[in-house]
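Visitor: Dropping in my_file_26.cif, with mmCIF, N, CA and C atoms.
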data_structure
#
loop_
_atom_site.label_atom_id
_atom_site.label_comp_id
_atom_site.auth_asym_id
_atom_site.auth_seq_id
_atom_site.Cartn_x
_atom_site.Cartn_y
_atom_site.Cartn_z
N GLU G 1 113.25 -37.34 -170.24
CA GLU G 1 112.32 -36.31 -169.80
C GLU G 1 112.58 -35.00 -170.55
N GLU G 2 113.87 -34.66 -170.71
CA GLU G 2 114.22 -33.43 -171.41
C GLU G 2 113.70 -33.44 -172.84
N LEU G 3 113.85 -34.56 -173.52
CA LEU G 3 113.40 -34.66 -174.91
C LEU G 3 111.87 -34.67 -175.00
N ILE G 4 111.25 -35.41 -174.12
CA ILE G 4 109.78 -35.49 -174.14
C ILE G 4 109.18 -34.10 -173.97
N SER G 5 109.80 -33.28 -173.12
CA SER G 5 109.27 -31.94 -172.88
C SER G 5 109.38 -31.05 -174.13
N GLN G 6 110.22 -31.43 -175.10
CA GLN G 6 110.40 -30.64 -176.31
C GLN G 6 109.53 -31.10 -177.48
N ILE G 7 108.78 -32.17 -177.27
CA ILE G 7 107.90 -32.67 -178.32
C ILE G 7 106.64 -31.80 -178.31
N ASP G 8 106.71 -30.71 -179.07
CA ASP G 8 105.60 -29.77 -179.12
C ASP G 8 105.14 -29.57 -180.56
N SER G 9 104.24 -28.64 -180.74
CA SER G 9 103.68 -28.45 -182.07
C SER G 9 104.59 -27.70 -183.03
N LYS G 10 105.68 -27.12 -182.53
CA LYS G 10 106.57 -26.38 -183.42
C LYS G 10 107.26 -27.33 -184.42
N TYR G 11 107.87 -28.38 -183.92
CA TYR G 11 108.58 -29.31 -184.80
C TYR G 11 107.79 -30.58 -185.08
N PHE G 12 106.80 -30.86 -184.24
CA PHE G 12 105.99 -32.07 -184.38
C PHE G 12 104.52 -31.65 -184.32
N PRO G 13 104.01 -31.07 -185.43
CA PRO G 13 102.69 -30.45 -185.41
C PRO G 13 101.50 -31.41 -185.33
N THR G 14 101.67 -32.63 -185.79
CA THR G 14 100.54 -33.56 -185.78
C THR G 14 100.71 -34.59 -184.67
N GLN G 15 99.62 -35.20 -184.31
CA GLN G 15 99.69 -36.26 -183.29
C GLN G 15 100.52 -37.43 -183.79
N LYS G 16 100.44 -37.70 -185.10
CA LYS G 16 101.23 -38.78 -185.69
C LYS G 16 102.72 -38.51 -185.52
N SER G 17 103.15 -37.28 -185.83
CA SER G 17 104.58 -36.96 -185.70
C SER G 17 105.02 -36.99 -184.24
N LYS G 18 104.15 -36.59 -183.33
CA LYS G 18 104.47 -36.67 -181.90
C LYS G 18 104.62 -38.12 -181.46
N ASN G 19 103.74 -38.99 -181.93
CA ASN G 19 103.83 -40.41 -181.58
C ASN G 19 105.12 -41.02 -182.11
N ILE G 20 105.49 -40.66 -183.33
CA ILE G 20 106.73 -41.17 -183.92
C ILE G 20 107.92 -40.66 -183.10
N ALA G 21 107.91 -39.37 -182.75
CA ALA G 21 109.00 -38.79 -181.97
C ALA G 21 109.13 -39.48 -180.62
N LEU G 22 108.03 -39.74 -179.97
CA LEU G 22 108.07 -40.41 -178.66
C LEU G 22 108.63 -41.82 -178.79
N GLU G 23 108.31 -42.48 -179.88
CA GLU G 23 108.84 -43.82 -180.12
C GLU G 23 110.34 -43.76 -180.40
N ILE G 24 110.79 -42.76 -181.12
CA ILE G 24 112.22 -42.58 -181.40
C ILE G 24 112.97 -42.35 -180.10
N ILE G 25 112.41 -41.56 -179.21
CA ILE G 25 113.06 -41.26 -177.93
C ILE G 25 113.35 -42.54 -177.16
N LYS G 26 112.48 -43.51 -177.26
CA LYS G 26 112.68 -44.79 -176.55
C LYS G 26 113.96 -45.48 -177.01
N ASP G 27 114.41 -45.18 -178.23
CA ASP G 27 115.60 -45.84 -178.79
C ASP G 27 116.84 -44.95 -178.77
N ILE G 28 116.83 -43.92 -177.96
CA ILE G 28 118.01 -43.06 -177.82
C ILE G 28 118.76 -43.49 -176.57
N ASN G 29 120.05 -43.78 -176.75
CA ASN G 29 120.85 -44.26 -175.62
C ASN G 29 121.26 -43.11 -174.70
N ASN G 30 121.95 -43.43 -173.63
CA ASN G 30 122.35 -42.43 -172.63
C ASN G 30 123.28 -41.36 -173.20
N GLU G 31 123.99 -41.68 -174.27
CA GLU G 31 124.90 -40.71 -174.88
C GLU G 31 124.18 -39.79 -175.86
N GLY G 32 122.93 -40.11 -176.18
CA GLY G 32 122.14 -39.27 -177.07
C GLY G 32 122.02 -39.79 -178.50
N PHE G 33 122.57 -40.97 -178.76
CA PHE G 33 122.52 -41.53 -180.12
C PHE G 33 121.28 -42.42 -180.30
N PHE G 34 120.72 -42.38 -181.49
CA PHE G 34 119.59 -43.23 -181.85
C PHE G 34 120.10 -44.61 -182.20
N GLU G 35 119.63 -45.62 -181.48
CA GLU G 35 120.07 -47.00 -181.71
C GLU G 35 118.96 -47.87 -182.27
N GLY G 36 117.83 -47.28 -182.55
CA GLY G 36 116.68 -48.06 -183.01
C GLY G 36 116.72 -48.34 -184.50
N ASP G 37 115.64 -48.91 -184.95
CA ASP G 37 115.48 -49.26 -186.36
C ASP G 37 114.26 -48.52 -186.89
N GLU G 38 114.48 -47.60 -187.80
CA GLU G 38 113.38 -46.80 -188.34
C GLU G 38 112.32 -47.67 -188.99
N LYS G 39 112.74 -48.74 -189.61
CA LYS G 39 111.80 -49.65 -190.27
C LYS G 39 110.89 -50.31 -189.23
N GLU G 40 111.47 -50.72 -188.11
CA GLU G 40 110.68 -51.36 -187.05
C GLU G 40 109.69 -50.38 -186.42
N ILE G 41 110.14 -49.15 -186.21
CA ILE G 41 109.25 -48.13 -185.65
C ILE G 41 108.08 -47.88 -186.61
N ALA G 42 108.39 -47.78 -187.90
CA ALA G 42 107.34 -47.57 -188.90
C ALA G 42 106.33 -48.71 -188.87
N LYS G 43 106.84 -49.92 -188.80
CA LYS G 43 105.97 -51.10 -188.77
C LYS G 43 105.10 -51.10 -187.51
N LYS G 44 105.71 -50.79 -186.37
CA LYS G 44 104.99 -50.78 -185.09
C LYS G 44 103.87 -49.74 -185.08
N LEU G 45 104.14 -48.56 -185.68
CA LEU G 45 103.16 -47.48 -185.65
C LEU G 45 102.25 -47.44 -186.88
N GLY G 46 102.53 -48.31 -187.85
CA GLY G 46 101.70 -48.34 -189.06
C GLY G 46 101.89 -47.13 -189.95
N VAL G 47 103.14 -46.65 -190.04
CA VAL G 47 103.45 -45.50 -190.89
C VAL G 47 104.56 -45.90 -191.85
N LYS G 48 104.87 -45.00 -192.78
CA LYS G 48 105.96 -45.27 -193.73
C LYS G 48 107.31 -45.00 -193.05
N GLU G 49 108.30 -45.78 -193.47
CA GLU G 49 109.64 -45.60 -192.93
C GLU G 49 110.16 -44.19 -193.19
N GLU G 50 109.80 -43.64 -194.34
CA GLU G 50 110.24 -42.28 -194.70
C GLU G 50 109.71 -41.25 -193.70
N GLU G 51 108.51 -41.47 -193.19
CA GLU G 51 107.94 -40.56 -192.18
C GLU G 51 108.77 -40.59 -190.90
N VAL G 52 109.19 -41.78 -190.50
CA VAL G 52 110.01 -41.93 -189.30
C VAL G 52 111.34 -41.21 -189.50
N LYS G 53 111.94 -41.37 -190.66
CA LYS G 53 113.21 -40.70 -190.95
C LYS G 53 113.06 -39.18 -190.88
N LYS G 54 111.99 -38.67 -191.46
CA LYS G 54 111.78 -37.22 -191.45
C LYS G 54 111.57 -36.69 -190.04
N VAL G 55 110.85 -37.41 -189.23
CA VAL G 55 110.63 -36.99 -187.84
C VAL G 55 111.95 -37.03 -187.08
N ARG G 56 112.74 -38.08 -187.28
CA ARG G 56 114.02 -38.18 -186.57
C ARG G 56 114.95 -37.04 -186.99
N GLU G 57 114.90 -36.63 -188.24
CA GLU G 57 115.73 -35.51 -188.70
C GLU G 57 115.38 -34.21 -187.99
N ARG G 58 114.14 -34.07 -187.56
CA ARG G 58 113.73 -32.87 -186.83
C ARG G 58 114.37 -32.80 -185.44
N PHE G 59 114.92 -33.89 -184.99
CA PHE G 59 115.60 -33.90 -183.70
C PHE G 59 116.82 -32.98 -183.71
N MET G 60 117.29 -32.61 -184.90
CA MET G 60 118.44 -31.70 -184.97
C MET G 60 118.11 -30.34 -184.36
N PHE G 61 116.83 -30.03 -184.18
CA PHE G 61 116.44 -28.76 -183.61
C PHE G 61 116.20 -28.84 -182.10
N LEU G 62 116.35 -30.03 -181.54
CA LEU G 62 116.12 -30.22 -180.11
C LEU G 62 117.41 -30.07 -179.33
N GLU G 63 117.25 -29.92 -178.02
CA GLU G 63 118.40 -29.84 -177.12
C GLU G 63 118.52 -31.15 -176.38
N PRO G 64 119.69 -31.67 -176.15
CA PRO G 64 120.97 -31.14 -176.58
C PRO G 64 121.18 -31.35 -178.07
N VAL G 65 121.84 -30.41 -178.69
CA VAL G 65 122.06 -30.45 -180.13
C VAL G 65 122.87 -31.70 -180.49
N GLY G 66 122.39 -32.42 -181.46
CA GLY G 66 123.05 -33.65 -181.90
C GLY G 66 122.31 -34.90 -181.44
N VAL G 67 121.40 -34.73 -180.50
CA VAL G 67 120.66 -35.88 -179.98
C VAL G 67 119.79 -36.47 -181.09
N GLY G 68 119.69 -37.79 -181.08
CA GLY G 68 118.88 -38.47 -182.09
C GLY G 68 119.65 -38.86 -183.33
N ALA G 69 120.91 -38.47 -183.39
CA ALA G 69 121.75 -38.85 -184.53
C ALA G 69 122.11 -40.33 -184.44
N LYS G 70 122.35 -40.93 -185.59
CA LYS G 70 122.70 -42.35 -185.62
C LYS G 70 124.18 -42.60 -185.31
N ASP G 71 125.03 -41.64 -185.65
CA ASP G 71 126.46 -41.84 -185.46
C ASP G 71 127.15 -40.49 -185.28
N LEU G 72 128.45 -40.53 -185.11
CA LEU G 72 129.22 -39.32 -184.86
C LEU G 72 129.09 -38.30 -185.99
N LYS G 73 129.19 -38.75 -187.22
CA LYS G 73 129.10 -37.82 -188.35
C LYS G 73 127.75 -37.11 -188.38
N GLU G 74 126.70 -37.87 -188.17
CA GLU G 74 125.38 -37.26 -188.19
C GLU G 74 125.21 -36.32 -187.00
N ALA G 75 125.76 -36.66 -185.85
CA ALA G 75 125.70 -35.78 -184.68
C ALA G 75 126.43 -34.47 -184.98
N PHE G 76 127.58 -34.56 -185.65
CA PHE G 76 128.31 -33.36 -186.04
C PHE G 76 127.48 -32.52 -187.01
N LEU G 77 126.84 -33.17 -187.97
CA LEU G 77 126.02 -32.44 -188.95
C LEU G 77 124.85 -31.75 -188.26
N PHE G 78 124.19 -32.44 -187.34
CA PHE G 78 123.09 -31.82 -186.59
C PHE G 78 123.59 -30.55 -185.89
N GLN G 79 124.78 -30.64 -185.30
CA GLN G 79 125.33 -29.50 -184.58
C GLN G 79 125.71 -28.36 -185.54
N LEU G 80 126.29 -28.71 -186.67
CA LEU G 80 126.69 -27.69 -187.64
C LEU G 80 125.50 -26.90 -188.16
N TYR G 81 124.39 -27.58 -188.41
CA TYR G 81 123.21 -26.90 -188.93
C TYR G 81 122.63 -25.92 -187.93
N ASN G 82 123.02 -26.04 -186.66
CA ASN G 82 122.51 -25.14 -185.62
C ASN G 82 123.46 -23.99 -185.32
N LEU G 83 124.59 -23.93 -186.00
CA LEU G 83 125.56 -22.86 -185.77
C LEU G 83 125.27 -21.67 -186.67
N ASP G 84 125.61 -20.52 -186.18
CA ASP G 84 125.45 -19.30 -186.97
C ASP G 84 126.81 -18.91 -187.52
N ILE G 85 127.16 -19.53 -188.65
CA ILE G 85 128.46 -19.27 -189.29
C ILE G 85 128.22 -18.98 -190.76
N GLY G 86 129.21 -18.43 -191.41
CA GLY G 86 129.11 -18.09 -192.83
C GLY G 86 128.83 -19.31 -193.69
N ASP G 87 128.15 -19.07 -194.79
CA ASP G 87 127.77 -20.17 -195.69
C ASP G 87 128.98 -20.94 -196.23
N GLU G 88 130.05 -20.21 -196.58
CA GLU G 88 131.22 -20.88 -197.15
C GLU G 88 131.87 -21.80 -196.13
N VAL G 89 132.01 -21.31 -194.90
CA VAL G 89 132.62 -22.12 -193.84
C VAL G 89 131.72 -23.30 -193.51
N LEU G 90 130.42 -23.06 -193.42
CA LEU G 90 129.47 -24.13 -193.12
C LEU G 90 129.51 -25.20 -194.20
N THR G 91 129.49 -24.80 -195.45
CA THR G 91 129.53 -25.76 -196.56
C THR G 91 130.79 -26.61 -196.50
N LEU G 92 131.93 -25.97 -196.26
CA LEU G 92 133.18 -26.71 -196.16
C LEU G 92 133.18 -27.63 -194.95
N ALA G 93 132.70 -27.16 -193.82
CA ALA G 93 132.67 -27.98 -192.61
C ALA G 93 131.79 -29.21 -192.82
N ILE G 94 130.68 -29.05 -193.51
CA ILE G 94 129.80 -30.19 -193.80
C ILE G 94 130.52 -31.20 -194.69
N GLU G 95 131.20 -30.71 -195.72
CA GLU G 95 131.97 -31.61 -196.59
C GLU G 95 133.03 -32.35 -195.79
N MET G 96 133.70 -31.62 -194.91
CA MET G 96 134.78 -32.22 -194.11
C MET G 96 134.24 -33.29 -193.16
N VAL G 97 133.09 -33.03 -192.54
CA VAL G 97 132.50 -34.01 -191.63
C VAL G 97 132.12 -35.28 -192.40
N LYS G 98 131.60 -35.12 -193.59
CA LYS G 98 131.21 -36.28 -194.40
C LYS G 98 132.41 -37.13 -194.78
N LYS G 99 133.60 -36.51 -194.80
CA LYS G 99 134.83 -37.24 -195.13
C LYS G 99 135.85 -37.09 -194.00
N LEU G 100 135.42 -37.31 -192.77
CA LEU G 100 136.31 -37.13 -191.61
C LEU G 100 137.61 -37.91 -191.72
N GLU G 101 137.53 -39.06 -192.35
CA GLU G 101 138.72 -39.91 -192.46
C GLU G 101 139.75 -39.35 -193.44
N LYS G 102 139.36 -38.36 -194.26
CA LYS G 102 140.24 -37.84 -195.30
C LYS G 102 140.34 -36.32 -195.24
N LEU G 103 140.54 -35.77 -194.06
CA LEU G 103 140.58 -34.32 -193.90
C LEU G 103 141.73 -33.67 -194.67
N GLU G 104 142.78 -34.44 -194.92
CA GLU G 104 143.92 -33.87 -195.64
C GLU G 104 143.53 -33.41 -197.05
N GLU G 105 142.45 -33.94 -197.59
CA GLU G 105 141.98 -33.52 -198.92
C GLU G 105 141.54 -32.06 -198.94
N PHE G 106 141.26 -31.50 -197.78
CA PHE G 106 140.70 -30.16 -197.70
C PHE G 106 141.73 -29.09 -197.31
N GLU G 107 142.96 -29.48 -197.03
CA GLU G 107 143.97 -28.56 -196.51
C GLU G 107 144.22 -27.36 -197.40
N ASP G 108 144.08 -27.49 -198.70
CA ASP G 108 144.35 -26.40 -199.63
C ASP G 108 143.14 -25.49 -199.86
N ARG G 109 142.02 -25.83 -199.28
CA ARG G 109 140.79 -25.07 -199.50
C ARG G 109 140.74 -23.81 -198.65
N LYS G 110 140.14 -22.79 -199.20
CA LYS G 110 139.91 -21.56 -198.46
C LYS G 110 138.96 -21.89 -197.30
N TYR G 111 139.16 -21.30 -196.16
CA TYR G 111 138.36 -21.50 -194.94
C TYR G 111 138.62 -22.83 -194.24
N TYR G 112 139.66 -23.56 -194.67
CA TYR G 112 139.96 -24.85 -194.06
C TYR G 112 140.19 -24.72 -192.55
N LYS G 113 141.03 -23.79 -192.16
CA LYS G 113 141.35 -23.64 -190.74
C LYS G 113 140.13 -23.26 -189.92
N GLU G 114 139.31 -22.38 -190.45
CA GLU G 114 138.10 -21.97 -189.74
C GLU G 114 137.15 -23.16 -189.57
N ALA G 115 136.96 -23.91 -190.64
CA ALA G 115 136.07 -25.07 -190.59
C ALA G 115 136.60 -26.13 -189.63
N LEU G 116 137.91 -26.35 -189.67
CA LEU G 116 138.52 -27.34 -188.78
C LEU G 116 138.36 -26.93 -187.32
N ASN G 117 138.53 -25.65 -187.02
CA ASN G 117 138.35 -25.18 -185.65
C ASN G 117 136.92 -25.37 -185.17
N ILE G 118 135.97 -25.17 -186.05
CA ILE G 118 134.56 -25.37 -185.68
C ILE G 118 134.31 -26.85 -185.41
N ILE G 119 134.81 -27.71 -186.27
CA ILE G 119 134.62 -29.16 -186.09
C ILE G 119 135.24 -29.61 -184.78
N ARG G 120 136.37 -29.08 -184.42
CA ARG G 120 137.04 -29.45 -183.16
C ARG G 120 136.21 -29.09 -181.94
N GLN G 121 135.34 -28.11 -182.07
CA GLN G 121 134.54 -27.66 -180.94
C GLN G 121 133.22 -28.43 -180.80
N LEU G 122 132.90 -29.27 -181.76
CA LEU G 122 131.65 -30.02 -181.70
C LEU G 122 131.73 -31.11 -180.64
N LYS G 123 130.59 -31.43 -180.06
CA LYS G 123 130.52 -32.46 -179.02
C LYS G 123 130.49 -33.84 -179.67
N ILE G 124 131.37 -34.71 -179.18
CA ILE G 124 131.43 -36.08 -179.68
C ILE G 124 130.24 -36.87 -179.17
N THR G 125 129.82 -36.59 -177.95
CA THR G 125 128.67 -37.24 -177.34
C THR G 125 127.58 -36.19 -177.19
N PRO G 126 126.49 -36.29 -177.95
CA PRO G 126 125.46 -35.25 -177.92
C PRO G 126 124.90 -34.95 -176.53
N ALA G 127 124.70 -35.98 -175.72
CA ALA G 127 124.07 -35.79 -174.41
C ALA G 127 125.10 -35.76 -173.28
N VAL G 128 126.30 -35.28 -173.57
CA VAL G 128 127.37 -35.32 -172.58
C VAL G 128 126.99 -34.62 -171.28
N GLU G 129 126.23 -33.53 -171.35
CA GLU G 129 125.88 -32.81 -170.12
C GLU G 129 124.81 -33.54 -169.31
N PHE G 130 124.19 -34.57 -169.89
CA PHE G 130 123.18 -35.33 -169.17
C PHE G 130 123.71 -36.64 -168.61
N ILE G 131 124.96 -36.96 -168.92
CA ILE G 131 125.55 -38.20 -168.43
C ILE G 131 126.05 -37.94 -167.02
N HIS G 132 125.50 -38.67 -166.10
CA HIS G 132 125.92 -38.52 -164.71
C HIS G 132 126.66 -39.78 -164.30
N THR G 133 127.94 -39.60 -164.03
CA THR G 133 128.71 -40.74 -163.57
C THR G 133 128.61 -40.77 -162.05
N GLN G 134 128.28 -41.92 -161.55
CA GLN G 134 128.12 -42.06 -160.12
C GLN G 134 129.37 -42.70 -159.55
N GLU G 135 129.95 -42.02 -158.60
CA GLU G 135 131.15 -42.54 -157.96
C GLU G 135 130.74 -43.57 -156.94
N ILE G 136 131.35 -44.72 -157.01
CA ILE G 136 131.05 -45.80 -156.07
C ILE G 136 132.12 -45.77 -154.97
N VAL G 137 131.65 -45.60 -153.76
CA VAL G 137 132.55 -45.54 -152.61
C VAL G 137 132.38 -46.83 -151.82
N PRO G 138 133.48 -47.59 -151.65
CA PRO G 138 133.38 -48.83 -150.88
C PRO G 138 133.03 -48.56 -149.42
N GLU G 139 132.27 -49.46 -148.84
CA GLU G 139 131.86 -49.29 -147.45
C GLU G 139 132.98 -49.55 -146.46
N ILE G 140 133.97 -50.28 -146.87
CA ILE G 140 135.05 -50.64 -145.94
C ILE G 140 136.00 -49.50 -145.77
#
Would you kindly transcribe this structure into structure tokens?

Guide:
Amino acid sequence: EELISQIDSKYFPTQKSKNIALEIIKDINNEGFFEGDEKEIAKKLGVKEEEVKKVRERFMFLEPVGVGAKDLKEAFLFQLYNLDIGDEVLTLAIEMVKKLEKLEEFEDRKYYKEALNIIRQLKITPAVEFIHTQEIVPEI
């Protein structure tokens, strides 16, 4: 419901882009990650796969930030693009996210500590604030 309410003319100006966005939303899991197949969505709606990819990329501007990403790295990138930080730190943070498994390669770089601190603050689960865990209380 939260995502559907954000499908407006600002990021999805045409009816086609709105239809694609609504179809993408159907394939977003409870954690906020996109689990669908862009090729299948394109086929279903009779559009090019590239159009579906471009519409899904616009999800980086929606709340919660990171929703619609395919994986952790992409969710981090979506979040980074929404931060108001210096260009040098942002550029380094993006490089670091793309190579999360090899962060030691960046230790000697200027702004390493700043970029690392920003990455540490990013949400691992984009829709974490929307996940409601229900406590089950036994009747006995």

Visitor: Just checking: using only C-alpha atoms, which residue out of G:Leu103, G:Ala115, G:Leu92, G:Ile20 ends up closest to G:Val47?

Guide: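 Closest to G:Val47, using only C-alpha atoms: G:Ile20.
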
Visitor: Quote the spacing between atom C of G:Tyr11 and atom CA of G:Glu38 in Å to one decimal place.

Guide: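 Between atom C of G:Tyr11 and atom CA of G:Glu38 the gap works out to 17.5 Å.
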
Visitor: Nearest to G:Phe34 among G:Val67, G:Ile124, G:Leu77, G:Leu90, with distances taken over all atoms listed in the file: which residue is it?

Guide: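 Between G:Val67, G:Ile124, G:Leu77, G:Leu90, the residue approaching G:Phe34 most closely is G:Val67.
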
Visitor: Measuring atom to atom with only C-alpha atoms, identify which of G:Gln121, G:Thr14, G:Asn29, G:Thr91 is nearest to G:Gln79.

Guide: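 Looking at the shortest contact to G:Gln79, the residue is G:Gln121.
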
Visitor: Kindly resolve the PyMOL selection byres ((chain G and resi 56) around 8) on the present coordinates and return the residues as a VMD selection string.

Guide: chain G and resid 20 to 21 24 50 to 55 57 to 61 67 to 69

Visitor: Using the chain letters and residue numbers of this document, give as a PyMOL selection string the residues selected by the PyMOL selection byres (((chain G and resi 64 and name CA) around 12) and name CA).

Guide: chain G and resi 2-3+6+31-33+59-63+65-69+75+78-79+82+122-131

Visitor: Just to be explicit: take each residue in the selection above, keep N, CA and C atoms, and write the result as a CSV table (one decimal), in the coordinates of the input.

Guide:
chain,number,residue,atom,x,y,z
G,2,GLU,N,113.9,-34.7,-170.7
G,2,GLU,CA,114.2,-33.4,-171.4
G,2,GLU,C,113.7,-33.4,-172.8
G,3,LEU,N,113.8,-34.6,-173.5
G,3,LEU,CA,113.4,-34.7,-174.9
G,3,LEU,C,111.9,-34.7,-175.0
G,6,GLN,N,110.2,-31.4,-175.1
G,6,GLN,CA,110.4,-30.6,-176.3
G,6,GLN,C,109.5,-31.1,-177.5
G,31,GLU,N,124.0,-41.7,-174.3
G,31,GLU,CA,124.9,-40.7,-174.9
G,31,GLU,C,124.2,-39.8,-175.9
G,32,GLY,N,122.9,-40.1,-176.2
G,32,GLY,CA,122.1,-39.3,-177.1
G,32,GLY,C,122.0,-39.8,-178.5
G,33,PHE,N,122.6,-41.0,-178.8
G,33,PHE,CA,122.5,-41.5,-180.1
G,33,PHE,C,121.3,-42.4,-180.3
G,59,PHE,N,114.9,-33.9,-185.0
G,59,PHE,CA,115.6,-33.9,-183.7
G,59,PHE,C,116.8,-33.0,-183.7
G,60,MET,N,117.3,-32.6,-184.9
G,60,MET,CA,118.4,-31.7,-185.0
G,60,MET,C,118.1,-30.3,-184.4
G,61,PHE,N,116.8,-30.0,-184.2
G,61,PHE,CA,116.4,-28.8,-183.6
G,61,PHE,C,116.2,-28.8,-182.1
G,62,LEU,N,116.4,-30.0,-181.5
G,62,LEU,CA,116.1,-30.2,-180.1
G,62,LEU,C,117.4,-30.1,-179.3
G,63,GLU,N,117.2,-29.9,-178.0
G,63,GLU,CA,118.4,-29.8,-177.1
G,63,GLU,C,118.5,-31.2,-176.4
G,65,VAL,N,121.8,-30.4,-178.7
G,65,VAL,CA,122.1,-30.4,-180.1
G,65,VAL,C,122.9,-31.7,-180.5
G,66,GLY,N,122.4,-32.4,-181.5
G,66,GLY,CA,123.0,-33.6,-181.9
G,66,GLY,C,122.3,-34.9,-181.4
G,67,VAL,N,121.4,-34.7,-180.5
G,67,VAL,CA,120.7,-35.9,-180.0
G,67,VAL,C,119.8,-36.5,-181.1
G,68,GLY,N,119.7,-37.8,-181.1
G,68,GLY,CA,118.9,-38.5,-182.1
G,68,GLY,C,119.6,-38.9,-183.3
G,69,ALA,N,120.9,-38.5,-183.4
G,69,ALA,CA,121.8,-38.8,-184.5
G,69,ALA,C,122.1,-40.3,-184.4
G,75,ALA,N,125.8,-36.7,-185.8
G,75,ALA,CA,125.7,-35.8,-184.7
G,75,ALA,C,126.4,-34.5,-185.0
G,78,PHE,N,124.2,-32.4,-187.3
G,78,PHE,CA,123.1,-31.8,-186.6
G,78,PHE,C,123.6,-30.6,-185.9
G,79,GLN,N,124.8,-30.6,-185.3
G,79,GLN,CA,125.3,-29.5,-184.6
G,79,GLN,C,125.7,-28.4,-185.5
G,82,ASN,N,123.0,-26.0,-186.7
G,82,ASN,CA,122.5,-25.1,-185.6
G,82,ASN,C,123.5,-24.0,-185.3
G,122,LEU,N,132.9,-29.3,-181.8
G,122,LEU,CA,131.6,-30.0,-181.7
G,122,LEU,C,131.7,-31.1,-180.6
G,123,LYS,N,130.6,-31.4,-180.1
G,123,LYS,CA,130.5,-32.5,-179.0
G,123,LYS,C,130.5,-33.8,-179.7
G,124,ILE,N,131.4,-34.7,-179.2
G,124,ILE,CA,131.4,-36.1,-179.7
G,124,ILE,C,130.2,-36.9,-179.2
G,125,THR,N,129.8,-36.6,-178.0
G,125,THR,CA,128.7,-37.2,-177.3
G,125,THR,C,127.6,-36.2,-177.2
G,126,PRO,N,126.5,-36.3,-178.0
G,126,PRO,CA,125.5,-35.2,-177.9
G,126,PRO,C,124.9,-35.0,-176.5
G,127,ALA,N,124.7,-36.0,-175.7
G,127,ALA,CA,124.1,-35.8,-174.4
G,127,ALA,C,125.1,-35.8,-173.3
G,128,VAL,N,126.3,-35.3,-173.6
G,128,VAL,CA,127.4,-35.3,-172.6
G,128,VAL,C,127.0,-34.6,-171.3
G,129,GLU,N,126.2,-33.5,-171.4
G,129,GLU,CA,125.9,-32.8,-170.1
G,129,GLU,C,124.8,-33.5,-169.3
G,130,PHE,N,124.2,-34.6,-169.9
G,130,PHE,CA,123.2,-35.3,-169.2
G,130,PHE,C,123.7,-36.6,-168.6
G,131,ILE,N,125.0,-37.0,-168.9
G,131,ILE,CA,125.6,-38.2,-168.4
G,131,ILE,C,126.0,-37.9,-167.0

Visitor: Mind pulling up the distance from atom CA of G:Lys113 to atom CA of G:Lys70?

Guide: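 Separation between atom CA of G:Lys70 and atom CA of G:Lys113: 26.9 Å.
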
Visitor: Out of stretch 82-117 of chain G, which residues get helix (DSSP H, G or I) from DSSP, as a list in words?

Guide: Asp87, Glu88, Val89, Leu90, Thr91, Leu92, Ala93, Ile94, Glu95, Met96, Val97, Lys98, Leu100, Glu101, Lys102, Leu103, Glu104, Glu105, Phe106, Tyr112, Lys113, Glu114, Ala115, Leu116 and Asn117 of chain G

Visitor: So the first atom is atom CA of G:Leu22 and the second is atom CA of G:Glu1; what is the distance between them in Å, to one decimal place?

Guide: 10.6 Å
